[in-house]
>>> print(open('run-v3.cif').read())   # mmCIF, C-alpha atoms and all ligand atoms
data_run
#
loop_
_atom_site.group_PDB
_atom_site.id
_atom_site.type_symbol
_atom_site.label_atom_id
_atom_site.label_comp_id
_atom_site.auth_asym_id
_atom_site.auth_seq_id
_atom_site.Cartn_x
_atom_site.Cartn_y
_atom_site.Cartn_z
ATOM 1 C CA MET F 253 0.000 0.000 0.000
ATOM 2 C CA THR F 254 1.319 3.422 -0.840
ATOM 3 C CA LEU F 255 -0.060 6.427 0.902
ATOM 4 C CA CYS F 256 -0.092 9.791 -0.769
ATOM 5 C CA GLY F 257 0.594 13.036 0.988
ATOM 6 C CA ASN F 258 1.541 13.455 4.606
ATOM 7 C CA ILE F 259 -0.127 11.169 7.083
ATOM 8 C CA THR F 260 -1.805 13.051 9.881
ATOM 9 C CA MET F 261 -2.518 11.328 13.172
ATOM 10 C CA SER F 262 -2.909 12.568 16.695
ATOM 11 C CA ASN F 263 -2.144 16.084 15.496
ATOM 12 C CA HIS F 264 1.226 14.971 14.180
ATOM 13 C CA SER F 265 2.142 14.976 10.577
ATOM 14 C CA PHE F 266 4.496 12.272 9.412
ATOM 15 C CA ARG F 267 6.456 13.137 6.350
ATOM 16 C CA TYR F 268 7.414 9.632 5.184
ATOM 17 C CA THR F 269 4.882 8.270 2.719
ATOM 18 C CA GLY F 270 6.484 5.040 1.481
ATOM 19 C CA PRO F 271 5.524 1.551 2.678
ATOM 20 C CA ILE F 272 6.596 0.433 6.157
ATOM 21 C CA PHE F 273 7.450 -3.070 7.363
ATOM 22 C CA ASP F 274 7.084 -3.809 11.076
ATOM 23 C CA ALA F 275 9.779 -6.370 11.882
ATOM 24 C CA HIS F 276 8.472 -7.444 15.287
ATOM 25 C CA THR F 277 4.848 -8.045 16.279
ATOM 26 C CA HIS F 278 3.033 -10.870 18.062
ATOM 27 C CA VAL F 279 -0.317 -12.533 17.465
ATOM 28 C CA ILE F 280 -2.312 -14.206 20.199
ATOM 29 C CA ASP F 281 -5.928 -13.281 19.433
ATOM 30 C CA ILE F 282 -7.579 -12.931 16.013
ATOM 31 C CA ASP F 283 -9.911 -10.057 16.961
ATOM 32 C CA ALA F 284 -7.012 -8.152 18.450
ATOM 33 C CA LEU F 285 -5.102 -8.806 15.235
ATOM 34 C CA LYS F 286 -7.923 -7.230 13.210
ATOM 35 C CA MET F 287 -7.654 -4.124 15.354
ATOM 36 C CA LEU F 288 -3.871 -4.038 15.070
ATOM 37 C CA VAL F 289 -4.089 -4.306 11.279
ATOM 38 C CA LYS F 290 -6.479 -1.336 11.165
ATOM 39 C CA VAL F 291 -4.063 0.768 13.181
ATOM 40 C CA GLU F 292 -1.155 -0.415 11.025
ATOM 41 C CA ASP F 293 -3.040 0.671 7.905
ATOM 42 C CA GLU F 294 -3.540 4.127 9.372
ATOM 43 C CA TYR F 295 0.147 4.412 10.191
ATOM 44 C CA GLY F 296 1.428 3.252 6.826
ATOM 45 C CA ILE F 297 2.473 -0.258 7.850
ATOM 46 C CA SER F 298 1.577 -2.547 4.998
ATOM 47 C CA LYS F 299 3.402 -5.698 6.056
ATOM 48 C CA ALA F 300 4.758 -7.191 9.250
ATOM 49 C CA LEU F 301 6.620 -10.027 10.814
ATOM 50 C CA THR F 302 4.403 -11.649 13.404
ATOM 51 C CA ILE F 303 5.413 -14.121 16.067
ATOM 52 C CA VAL F 304 2.752 -16.777 16.361
ATOM 53 C CA HIS F 305 1.848 -17.902 19.869
ATOM 54 C CA GLY F 306 -0.121 -20.948 18.947
ATOM 55 C CA GLU F 307 0.016 -23.868 16.616
ATOM 56 C CA SER F 308 -1.553 -22.632 13.403
ATOM 57 C CA ILE F 309 -1.036 -19.742 11.040
ATOM 58 C CA GLN F 310 -3.809 -20.820 8.691
ATOM 59 C CA GLU F 311 -6.491 -18.624 10.222
ATOM 60 C CA TYR F 312 -4.328 -15.515 9.989
ATOM 61 C CA ASP F 313 -3.201 -16.297 6.509
ATOM 62 C CA GLU F 314 -6.747 -16.759 5.236
ATOM 63 C CA MET F 315 -7.878 -13.482 6.740
ATOM 64 C CA PHE F 316 -4.842 -11.452 5.674
ATOM 65 C CA PRO F 317 -3.268 -13.210 2.709
ATOM 66 C CA GLY F 318 0.290 -12.105 2.024
ATOM 67 C CA ARG F 319 0.345 -9.539 4.794
ATOM 68 C CA PHE F 320 2.499 -11.367 7.313
ATOM 69 C CA ILE F 321 5.848 -13.067 7.518
ATOM 70 C CA TYR F 322 5.443 -15.639 10.287
ATOM 71 C CA ALA F 323 7.882 -16.434 13.045
ATOM 72 C CA ARG F 324 7.654 -19.647 15.026
ATOM 73 C CA TYR F 325 7.852 -19.053 18.752
ATOM 74 C CA PHE F 326 10.022 -21.505 20.673
ATOM 75 C CA SER F 327 8.818 -21.238 24.220
ATOM 76 C CA GLY F 328 11.263 -21.067 27.067
ATOM 77 C CA TRP F 329 9.002 -23.423 29.025
ATOM 78 C CA THR F 330 9.911 -26.295 26.765
ATOM 79 C CA LEU F 331 13.383 -25.219 25.716
ATOM 80 C CA PHE F 332 14.725 -24.578 29.170
ATOM 81 C CA THR F 333 13.078 -27.547 30.876
ATOM 82 C CA GLU F 334 13.212 -30.293 28.247
ATOM 83 C CA GLY F 335 16.038 -29.077 26.052
ATOM 84 C CA PRO F 336 15.998 -28.272 22.341
ATOM 85 C CA ARG F 337 15.357 -31.743 20.877
ATOM 86 C CA GLN F 338 11.726 -31.061 19.951
ATOM 87 C CA ALA F 339 12.557 -27.606 18.602
ATOM 88 C CA VAL F 340 15.256 -29.045 16.342
ATOM 89 C CA GLU F 341 12.708 -31.431 14.792
ATOM 90 C CA ASP F 342 10.286 -28.547 14.392
ATOM 91 C CA VAL F 343 12.873 -26.408 12.579
ATOM 92 C CA LYS F 344 13.257 -29.002 9.831
ATOM 93 C CA THR F 345 9.700 -28.443 8.574
ATOM 94 C CA LEU F 346 9.245 -24.765 9.421
ATOM 95 C CA ARG F 347 9.460 -23.427 5.889
ATOM 96 C CA GLU F 348 6.986 -25.899 4.457
ATOM 97 C CA ARG F 349 4.552 -24.946 7.231
ATOM 98 C CA GLY F 350 4.744 -21.291 6.223
ATOM 99 C CA TYR F 351 7.223 -19.912 8.742
ATOM 100 C CA ASP F 352 10.192 -17.811 7.675
ATOM 101 C CA MET F 353 11.733 -17.038 11.027
ATOM 102 C CA ALA F 354 12.212 -18.373 14.546
ATOM 103 C CA LYS F 355 11.819 -16.467 17.807
ATOM 104 C CA ILE F 356 13.578 -17.362 21.034
ATOM 105 C CA HIS F 357 13.298 -15.377 24.217
ATOM 106 C CA PHE F 358 16.216 -15.294 26.620
ATOM 107 C CA ALA F 359 15.498 -13.076 29.591
ATOM 108 C CA PRO F 360 16.273 -13.081 33.275
ATOM 109 C CA PHE F 361 12.626 -13.567 34.208
ATOM 110 C CA TRP F 362 12.778 -17.204 33.155
ATOM 111 C CA SER F 363 14.743 -17.754 36.352
ATOM 112 C CA ASP F 364 11.582 -16.771 38.267
ATOM 113 C CA ARG F 365 9.125 -18.611 36.110
ATOM 114 C CA LEU F 366 11.144 -21.791 36.129
ATOM 115 C CA SER F 367 12.025 -21.875 39.781
ATOM 116 C CA ASP F 368 12.548 -25.628 39.718
ATOM 117 C CA ILE F 369 15.502 -25.211 37.371
ATOM 118 C CA GLU F 370 18.580 -24.099 39.165
ATOM 119 C CA HIS F 371 20.041 -22.176 36.291
ATOM 120 C CA VAL F 372 18.351 -21.325 33.002
ATOM 121 C CA PRO F 373 20.936 -22.076 30.298
ATOM 122 C CA PRO F 374 22.282 -18.956 28.589
ATOM 123 C CA ILE F 375 22.043 -18.348 24.850
ATOM 124 C CA ASP F 376 25.637 -19.468 24.285
ATOM 125 C CA SER F 377 25.106 -22.738 26.158
ATOM 126 C CA HIS F 378 26.461 -25.789 24.364
ATOM 127 C CA ASP F 379 22.988 -27.318 24.886
ATOM 128 C CA PHE F 380 21.580 -24.939 22.292
ATOM 129 C CA ASP F 381 24.221 -25.521 19.622
ATOM 130 C CA VAL F 382 22.033 -28.118 17.879
ATOM 131 C CA LEU F 383 19.136 -25.676 17.650
ATOM 132 C CA PHE F 384 21.108 -22.734 16.281
ATOM 133 C CA ASP F 385 22.958 -25.072 13.924
ATOM 134 C CA ALA F 386 19.624 -26.442 12.668
ATOM 135 C CA LEU F 387 18.378 -22.906 11.994
ATOM 136 C CA MET F 388 21.605 -22.175 10.165
ATOM 137 C CA ASP F 389 21.273 -25.347 8.061
ATOM 138 C CA GLU F 390 17.700 -24.473 7.131
ATOM 139 C CA ASP F 391 18.666 -20.858 6.498
ATOM 140 C CA ILE F 392 16.019 -19.547 8.882
ATOM 141 C CA PRO F 393 16.829 -16.193 10.498
ATOM 142 C CA VAL F 394 16.250 -15.950 14.215
ATOM 143 C CA LEU F 395 14.766 -13.158 16.292
ATOM 144 C CA VAL F 396 16.192 -13.235 19.793
ATOM 145 C CA HIS F 397 15.436 -11.332 22.947
ATOM 146 C CA ILE F 398 18.736 -11.224 24.770
ATOM 147 C CA GLY F 399 18.261 -8.737 27.574
ATOM 148 C CA ASP F 400 16.163 -6.138 29.286
ATOM 149 C CA PRO F 401 16.532 -2.404 29.953
ATOM 150 C CA ASP F 402 19.098 -1.095 32.426
ATOM 151 C CA THR F 403 16.102 0.213 34.385
ATOM 152 C CA TYR F 404 14.980 -3.385 35.082
ATOM 153 C CA PHE F 405 18.403 -4.401 36.309
ATOM 154 C CA ALA F 406 18.378 -1.395 38.639
ATOM 155 C CA THR F 407 15.036 -2.408 40.139
ATOM 156 C CA ARG F 408 13.764 -5.931 39.669
ATOM 157 C CA TYR F 409 16.908 -7.915 38.693
ATOM 158 C CA THR F 410 19.246 -6.664 41.358
ATOM 159 C CA ASP F 411 20.259 -10.131 42.531
ATOM 160 C CA ALA F 412 23.007 -11.047 40.060
ATOM 161 C CA LYS F 413 23.230 -14.562 41.499
ATOM 162 C CA VAL F 414 19.702 -15.262 40.290
ATOM 163 C CA TYR F 415 19.491 -13.112 37.176
ATOM 164 C CA GLY F 416 23.083 -12.630 36.072
ATOM 165 C CA THR F 417 24.251 -9.181 35.047
ATOM 166 C CA LYS F 418 23.260 -7.399 31.874
ATOM 167 C CA GLU F 419 26.883 -7.519 30.769
ATOM 168 C CA ASP F 420 26.785 -11.318 31.144
ATOM 169 C CA HIS F 421 23.752 -11.545 28.857
ATOM 170 C CA ILE F 422 25.302 -9.329 26.217
ATOM 171 C CA SER F 423 28.543 -11.258 26.152
ATOM 172 C CA GLU F 424 26.709 -14.603 26.059
ATOM 173 C CA PHE F 425 24.868 -13.310 23.013
ATOM 174 C CA GLU F 426 28.146 -12.259 21.453
ATOM 175 C CA ASN F 427 29.477 -15.788 21.933
ATOM 176 C CA ARG F 428 26.431 -17.086 20.076
ATOM 177 C CA LEU F 429 26.966 -14.630 17.211
ATOM 178 C CA HIS F 430 30.503 -15.897 17.019
ATOM 179 C CA LYS F 431 29.481 -19.568 17.033
ATOM 180 C CA ASN F 432 26.872 -19.126 14.282
ATOM 181 C CA LYS F 433 28.370 -16.644 11.881
ATOM 182 C CA GLU F 434 26.260 -17.849 8.968
ATOM 183 C CA LEU F 435 22.979 -17.380 10.774
ATOM 184 C CA ILE F 436 21.115 -14.075 10.467
ATOM 185 C CA PHE F 437 20.239 -12.673 13.880
ATOM 186 C CA GLN F 438 17.697 -9.980 14.627
ATOM 187 C CA ALA F 439 18.287 -8.914 18.207
ATOM 188 C CA ALA F 440 15.142 -7.308 19.585
ATOM 189 C CA HIS F 441 15.192 -3.936 21.316
ATOM 190 C CA PHE F 442 18.441 -2.667 19.776
ATOM 191 C CA ALA F 443 20.182 -5.774 21.123
ATOM 192 C CA ALA F 444 19.239 -4.455 24.584
ATOM 193 C CA GLN F 445 21.729 -1.611 24.117
ATOM 194 C CA PRO F 446 19.958 1.659 23.230
ATOM 195 C CA GLU F 447 21.282 3.212 26.458
ATOM 196 C CA PRO F 448 23.790 5.942 25.544
ATOM 197 C CA HIS F 449 26.654 4.315 27.463
ATOM 198 C CA ARG F 450 26.101 1.030 25.587
ATOM 199 C CA LEU F 451 26.135 2.318 22.008
ATOM 200 C CA GLN F 452 29.886 2.037 21.721
ATOM 201 C CA ASN F 453 29.741 -1.665 22.515
ATOM 202 C CA LEU F 454 26.899 -2.187 20.055
ATOM 203 C CA ALA F 455 28.950 -0.402 17.379
ATOM 204 C CA ARG F 456 31.826 -2.785 18.067
ATOM 205 C CA MET F 457 29.468 -5.749 17.733
ATOM 206 C CA PHE F 458 28.087 -4.449 14.431
ATOM 207 C CA ASP F 459 31.664 -4.036 13.173
ATOM 208 C CA ASN F 460 32.626 -7.568 14.216
ATOM 209 C CA TYR F 461 29.488 -9.503 13.278
ATOM 210 C CA PRO F 462 27.973 -8.873 9.852
ATOM 211 C CA ASN F 463 25.217 -11.360 10.805
ATOM 212 C CA LEU F 464 23.885 -9.018 13.502
ATOM 213 C CA ASN F 465 20.778 -6.892 12.961
ATOM 214 C CA VAL F 466 18.673 -5.139 15.581
ATOM 215 C CA ASP F 467 15.127 -3.857 15.759
ATOM 216 C CA LEU F 468 13.679 -0.627 17.144
ATOM 217 C CA SER F 469 11.121 -2.113 19.520
ATOM 218 C CA SER F 470 10.045 -1.174 22.146
ATOM 219 C CA ALA F 471 8.748 2.370 21.705
ATOM 220 C CA ARG F 472 9.113 3.476 25.294
ATOM 221 C CA TRP F 473 12.601 1.961 25.719
ATOM 222 C CA MET F 474 13.881 3.576 22.507
ATOM 223 C CA CYS F 475 12.219 6.953 23.126
ATOM 224 C CA ARG F 476 13.502 7.036 26.687
ATOM 225 C CA GLU F 477 17.111 6.129 25.903
ATOM 226 C CA PHE F 478 17.572 7.913 22.561
ATOM 227 C CA GLY F 479 16.063 10.966 24.244
ATOM 228 C CA ARG F 480 18.937 11.143 26.709
ATOM 229 C CA ASN F 481 21.317 12.139 23.928
ATOM 230 C CA PRO F 482 19.390 12.607 20.663
ATOM 231 C CA GLU F 483 22.377 13.817 18.692
ATOM 232 C CA GLN F 484 24.435 10.742 19.553
ATOM 233 C CA ALA F 485 21.454 8.485 18.782
ATOM 234 C CA ARG F 486 20.894 10.166 15.428
ATOM 235 C CA ASP F 487 24.532 9.798 14.374
ATOM 236 C CA PHE F 488 24.478 6.149 15.450
ATOM 237 C CA LEU F 489 21.299 5.339 13.530
ATOM 238 C CA ILE F 490 22.656 6.955 10.397
ATOM 239 C CA LYS F 491 26.023 5.201 10.645
ATOM 240 C CA TYR F 492 24.577 1.710 11.265
ATOM 241 C CA VAL F 493 21.309 2.140 9.387
ATOM 242 C CA ASP F 494 21.845 -0.964 7.239
ATOM 243 C CA ARG F 495 21.542 -3.145 10.342
ATOM 244 C CA ILE F 496 18.466 -1.582 11.956
ATOM 245 C CA LEU F 497 14.804 -2.497 11.417
ATOM 246 C CA PHE F 498 11.661 -0.600 12.314
ATOM 247 C CA ALA F 499 9.553 -2.556 14.809
ATOM 248 C CA THR F 500 6.837 -1.947 17.408
ATOM 249 C CA ASP F 501 6.647 -5.253 19.334
ATOM 250 C CA CYS F 502 2.866 -4.798 19.412
ATOM 251 C CA VAL F 503 1.214 -7.875 20.886
ATOM 252 C CA ALA F 504 -2.182 -8.563 19.306
ATOM 253 C CA SER F 505 -3.802 -9.861 22.458
ATOM 254 C CA LYS F 506 -6.294 -7.190 23.531
ATOM 255 C CA LEU F 507 -8.882 -4.819 22.075
ATOM 256 C CA ASP F 508 -7.106 -1.681 23.186
ATOM 257 C CA ARG F 509 -6.726 0.756 20.343
ATOM 258 C CA ASN F 510 -4.778 3.283 22.402
ATOM 259 C CA TYR F 511 -2.111 0.698 23.114
ATOM 260 C CA TYR F 512 -1.501 0.016 19.404
ATOM 261 C CA GLU F 513 -1.714 3.666 18.389
ATOM 262 C CA GLY F 514 0.647 4.836 21.116
ATOM 263 C CA ARG F 515 3.443 2.538 19.940
ATOM 264 C CA HIS F 516 3.061 3.529 16.296
ATOM 265 C CA SER F 517 2.732 7.260 16.792
ATOM 266 C CA SER F 518 5.613 7.527 19.262
ATOM 267 C CA LEU F 519 8.060 5.570 17.126
ATOM 268 C CA ARG F 520 7.222 7.473 13.973
ATOM 269 C CA MET F 521 7.483 10.747 15.859
ATOM 270 C CA LEU F 522 10.860 9.670 17.236
ATOM 271 C CA LEU F 523 12.281 8.810 13.824
ATOM 272 C CA GLU F 524 10.701 11.417 11.558
ATOM 273 C CA SER F 525 9.868 14.544 13.509
ATOM 274 C CA ASP F 526 11.912 17.248 15.174
ATOM 275 C CA VAL F 527 9.740 17.515 18.293
ATOM 276 C CA LYS F 528 11.463 18.406 21.539
ATOM 277 C CA LYS F 529 10.350 17.088 24.909
ATOM 278 C CA GLU F 530 7.051 15.724 23.613
ATOM 279 C CA SER F 531 5.359 13.518 26.220
ATOM 280 C CA LEU F 532 5.242 9.835 25.350
ATOM 281 C CA PRO F 533 1.550 9.209 24.564
ATOM 282 C CA PHE F 534 1.343 6.397 27.123
ATOM 283 C CA VAL F 535 2.764 5.642 30.543
ATOM 284 C CA ASP F 536 6.334 4.451 30.812
ATOM 285 C CA THR F 537 6.247 2.519 34.076
ATOM 286 C CA ASP F 538 10.024 2.892 34.373
ATOM 287 C CA THR F 539 9.873 6.686 34.585
ATOM 288 C CA VAL F 540 6.385 7.242 35.985
ATOM 289 C CA ASN F 541 7.853 8.230 39.362
ATOM 290 C CA SER F 542 10.750 10.248 37.987
ATOM 291 C CA GLY F 543 9.125 12.768 35.680
ATOM 292 C CA GLY F 544 8.073 10.634 32.702
ATOM 293 C CA THR F 545 9.479 9.805 29.266
ATOM 294 C CA PHE F 546 9.724 12.374 26.490
ATOM 295 C CA ILE F 547 10.266 12.118 22.771
ATOM 296 C CA TYR F 548 13.046 14.046 21.072
ATOM 297 C CA GLY F 549 12.531 13.677 17.341
ATOM 298 C CA LEU F 550 15.580 12.491 15.386
ATOM 299 C CA ASN F 551 14.387 14.011 12.112
ATOM 300 C CA LEU F 552 16.103 11.315 10.021
ATOM 301 C CA PRO F 553 16.609 11.893 6.298
ATOM 302 C CA GLU F 554 14.336 10.212 3.766
ATOM 303 C CA ASN F 555 16.923 7.727 2.469
ATOM 304 C CA ILE F 556 17.637 6.568 6.038
ATOM 305 C CA LEU F 557 13.940 6.113 6.796
ATOM 306 C CA GLU F 558 13.529 4.120 3.615
ATOM 307 C CA LYS F 559 16.091 1.597 4.844
ATOM 308 C CA LEU F 560 14.744 1.373 8.394
ATOM 309 C CA TYR F 561 11.183 1.078 7.211
ATOM 310 C CA TRP F 562 11.502 -1.332 4.325
ATOM 311 C CA LYS F 563 14.740 -1.942 2.473
ATOM 312 C CA ASN F 564 16.619 -3.643 5.318
ATOM 313 C CA ALA F 565 13.770 -6.076 5.888
ATOM 314 C CA GLU F 566 13.804 -6.841 2.186
ATOM 315 C CA LYS F 567 17.358 -8.127 2.538
ATOM 316 C CA ILE F 568 16.229 -10.646 5.168
ATOM 317 C CA HIS F 569 12.772 -11.615 3.904
ATOM 318 C CA ASN F 570 10.990 -12.060 0.637
ATOM 319 C CA LEU F 571 8.642 -9.101 0.919
HETATM 320 ZN ZN ZN S 1 8.431 -9.248 21.343
#
>>> encode(input="run-v3.cif", output="structure tokens", more="lines below")
Ligand SMILES: [Zn+2]
Amino acid sequence: MTLCGNITMSNHSFRYTGPIFDAHTHVIDIDALKMLVKVEDEYGISKALTIVHGESIQEYDEMFPGRFIYARYFSGWTLFTEGPRQAVEDVKTLRERGYDMAKIHFAPFWSDRLSDIEHVPPIDSHDFDVLFDALMDEDIPVLVHIGDPDTYFATRYTDAKVYGTKEDHISEFENRLHKNKELIFQAAHFAAQPEPHRLQNLARMFDNYPNLNVDLSSARWMCREFGRNPEQARDFLIKYVDRILFATDCVASKLDRNYYEGRHSSLRMLLESDVKKESLPFVDTDTVNSGGTFIYGLNLPENILEKLYWKNAEKIHNL
């Protein structure tokens, strides 16, 4: 879908009018998905990668033919308790079942959810070699969640014995990038490193691992951290633009239009506008007691937006 003229929403005019691919969404409920698609249409998103939390994509595909690239979700429940054997079998038939990507979630909270396991294996664990190797053999890119915001580690993950440190999680991920150099990785949430003091390390990782890509979800995390030093963030996005994908991480699970709109409008405002200290249109629970989160527009050039919004995804998927 191509939209003509500026798109006006919530009193903000977005100047980019080309097609947009959302590289990270989730589907849980079909009615919620219908609502998400409506909001996407209004915000210029014509295609998306969606992580399927269920067994079948048929229903979604019949309702929205050609709109989605599907990612198979490998649940931590099974992976971390029973090991990757079942997932490896699953990978072998993913493509023929309509999936073009895999999603695996590594996050400290698994240590809480799986309290009967002493230690949830990290992403670089030898146990997972067979799974990442299988994905590599089948040429299936993988979307990984490797870590959470610094704000979480300062509040809810303070016990490093239970949760590990954020630095641990980043270096474990780096070991995995190193082990599977032929596998395309999309690390969610800017590889957990949008914080200004982490950009230098992310730059080093981009320089060392051509198989590393990152996405721009989540809206509040990106707006909050890029807003701390917008000039630095802008320079970084322009320099590494070829490795960065637009993404909202919207989860189609509830009929809450404001939720979907807030993520779309704030991210587009962040990337395209030149607003200064514009309130995030929804609550950021991490800053609710410290003054709130504000958007500082990065005002990125057209050719940069084109890559973030579409062209980079085209290099990974058949759009
Ligand atoms: Zn997600």
>>> residues_around(input="run-v3.cif", residues="F:Ser505", least_positions_apart="4", cutoff="9 Å", atoms="all atoms listed in the file", output="ChimeraX atom specification")
/F:278-285
>>> closest_residue(input="run-v3.cif", among="F:Ile422, F:Val540, F:Ala444, F:Ala406", to="F:Trp473", atoms="only C-alpha atoms")
F:Ala444
>>> residues_near_ligand(input="run-v3.cif", ligand="ligand ZN 1 (chain S)", cutoff="8 Å", atoms="all atoms listed in the file", output="list in words")
His276, Thr277, His278, Ile303, His397, Ala440, Ser469, Asp501, Cys502 and Val503 of chain F
>>> closest_residue(input="run-v3.cif", among="F:Gly296, F:Gly399, F:Gly350, F:Pro482", to="F:Phe320", atoms="all atoms listed in the file")
F:Gly350
>>> closest_residue(input="run-v3.cif", among="F:Phe478, F:Tyr511, F:Ala565, F:Phe498", to="F:Phe546", atoms="only C-alpha atoms")
F:Phe478
>>> atom_distance(input="run-v3.cif", atom1="atom CA of F:Ile398", atom2="atom CA of F:Ile375")
7.9 Å
>>> residues_near_point(input="run-v3.cif", point="(6.2, -0.3, 19.5)", cutoff="7 Å", atoms="only C-alpha atoms", output="ChimeraX atom specification")
/F:469-471,499-502,515-516,519
>>> residues_around(input="run-v3.cif", residues="stretch 488-495 of chain F", least_positions_apart="3", cutoff="10 Å", atoms="all atoms listed in the file", output="ChimeraX atom specification")
/F:438,442,451-452,454-455,458-459,462-467,482-485,523,550,552-553,555-560,563-565,567
>>> closest_residue(input="run-v3.cif", among="F:Met287, F:Ser377, F:Tyr561, F:Ser265", to="F:Glu424", atoms="only C-alpha atoms")
F:Ser377
>>> resolve_selection(input="run-v3.cif", expression="the PyMOL selection byres (((chain F and resi 331) around 10) and not hetatm)", output="ChimeraX atom specification")
/F:326-330,332-339,356-357,372-373,379-380,383
>>> atom_distance(input="run-v3.cif", atom1="atom CA of F:Pro448", atom2="atom CA of F:Ile568")
27.3 Å
>>> closest_residue(input="run-v3.cif", among="F:Arg509, F:Leu395, F:Asp352, F:Trp562", to="F:Ile272", atoms="only C-alpha atoms")
F:Trp562
>>> closest_residue(input="run-v3.cif", among="F:Gly318, F:Pro393, F:Gly544, F:Pro533", to="F:Phe437", atoms="all atoms listed in the file")
F:Pro393
>>> residues_around(input="run-v3.cif", residues="F:Lys528", least_positions_apart="2", cutoff="10 Å", atoms="all atoms listed in the file", output="list in words")
Gly479, Pro482, Leu522, Ser525, Asp526, Glu530, Ser531, Phe546, Ile547, Tyr548, Gly549 and Leu550 of chain F
>>> resolve_selection(input="run-v3.cif", expression="the PyMOL selection byres (((chain F and resi 400) around 9) and not hetatm)", output="list in words")
Ala359, Pro360, His397, Ile398, Gly399, Pro401, Asp402, Thr403, Tyr404, Phe405, Lys418, His441, Ala444 and Gln445 of chain F
>>> decode(input="run-v3.cif", residues="stretch 345-361 of chain F", atoms="N, CA and C atoms", output="compact mmCIF listing (two decimals), in the first residue's frame")
# COMPACT_ATOMS: atom_id res chain seq x y z
N THR F 345 10.88 -28.59 9.45
CA THR F 345 9.70 -28.44 8.57
C THR F 345 9.09 -27.04 8.64
N LEU F 346 9.82 -26.11 9.25
CA LEU F 346 9.25 -24.76 9.42
C LEU F 346 8.83 -24.12 8.12
N ARG F 347 9.74 -24.12 7.16
CA ARG F 347 9.46 -23.43 5.89
C ARG F 347 8.23 -23.99 5.20
N GLU F 348 8.14 -25.32 5.16
CA GLU F 348 6.99 -25.90 4.46
C GLU F 348 5.68 -25.63 5.19
N ARG F 349 5.76 -25.30 6.47
CA ARG F 349 4.55 -24.95 7.23
C ARG F 349 4.27 -23.44 7.21
N GLY F 350 5.06 -22.71 6.43
CA GLY F 350 4.74 -21.29 6.22
C GLY F 350 5.51 -20.30 7.09
N TYR F 351 6.44 -20.81 7.89
CA TYR F 351 7.22 -19.91 8.74
C TYR F 351 8.53 -19.53 8.05
N ASP F 352 8.94 -18.28 8.27
CA ASP F 352 10.19 -17.81 7.68
C ASP F 352 11.19 -17.35 8.72
N MET F 353 10.84 -17.51 9.98
CA MET F 353 11.73 -17.04 11.03
C MET F 353 11.45 -17.82 12.31
N ALA F 354 12.41 -17.77 13.23
CA ALA F 354 12.21 -18.37 14.55
C ALA F 354 12.37 -17.28 15.59
N LYS F 355 11.68 -17.45 16.72
CA LYS F 355 11.82 -16.47 17.81
C LYS F 355 12.15 -17.21 19.09
N ILE F 356 13.19 -16.76 19.75
CA ILE F 356 13.58 -17.36 21.03
C ILE F 356 13.81 -16.24 22.04
N HIS F 357 13.27 -16.43 23.21
CA HIS F 357 13.30 -15.38 24.22
C HIS F 357 14.22 -15.77 25.38
N PHE F 358 15.34 -15.09 25.47
CA PHE F 358 16.22 -15.29 26.62
C PHE F 358 16.10 -14.06 27.50
N ALA F 359 15.61 -14.23 28.70
CA ALA F 359 15.50 -13.08 29.59
C ALA F 359 15.58 -13.55 31.02
N PRO F 360 16.07 -12.67 31.89
CA PRO F 360 16.27 -13.08 33.27
C PRO F 360 15.01 -13.60 33.95
N PHE F 361 13.83 -13.16 33.47
CA PHE F 361 12.63 -13.57 34.21
C PHE F 361 12.37 -15.07 34.15
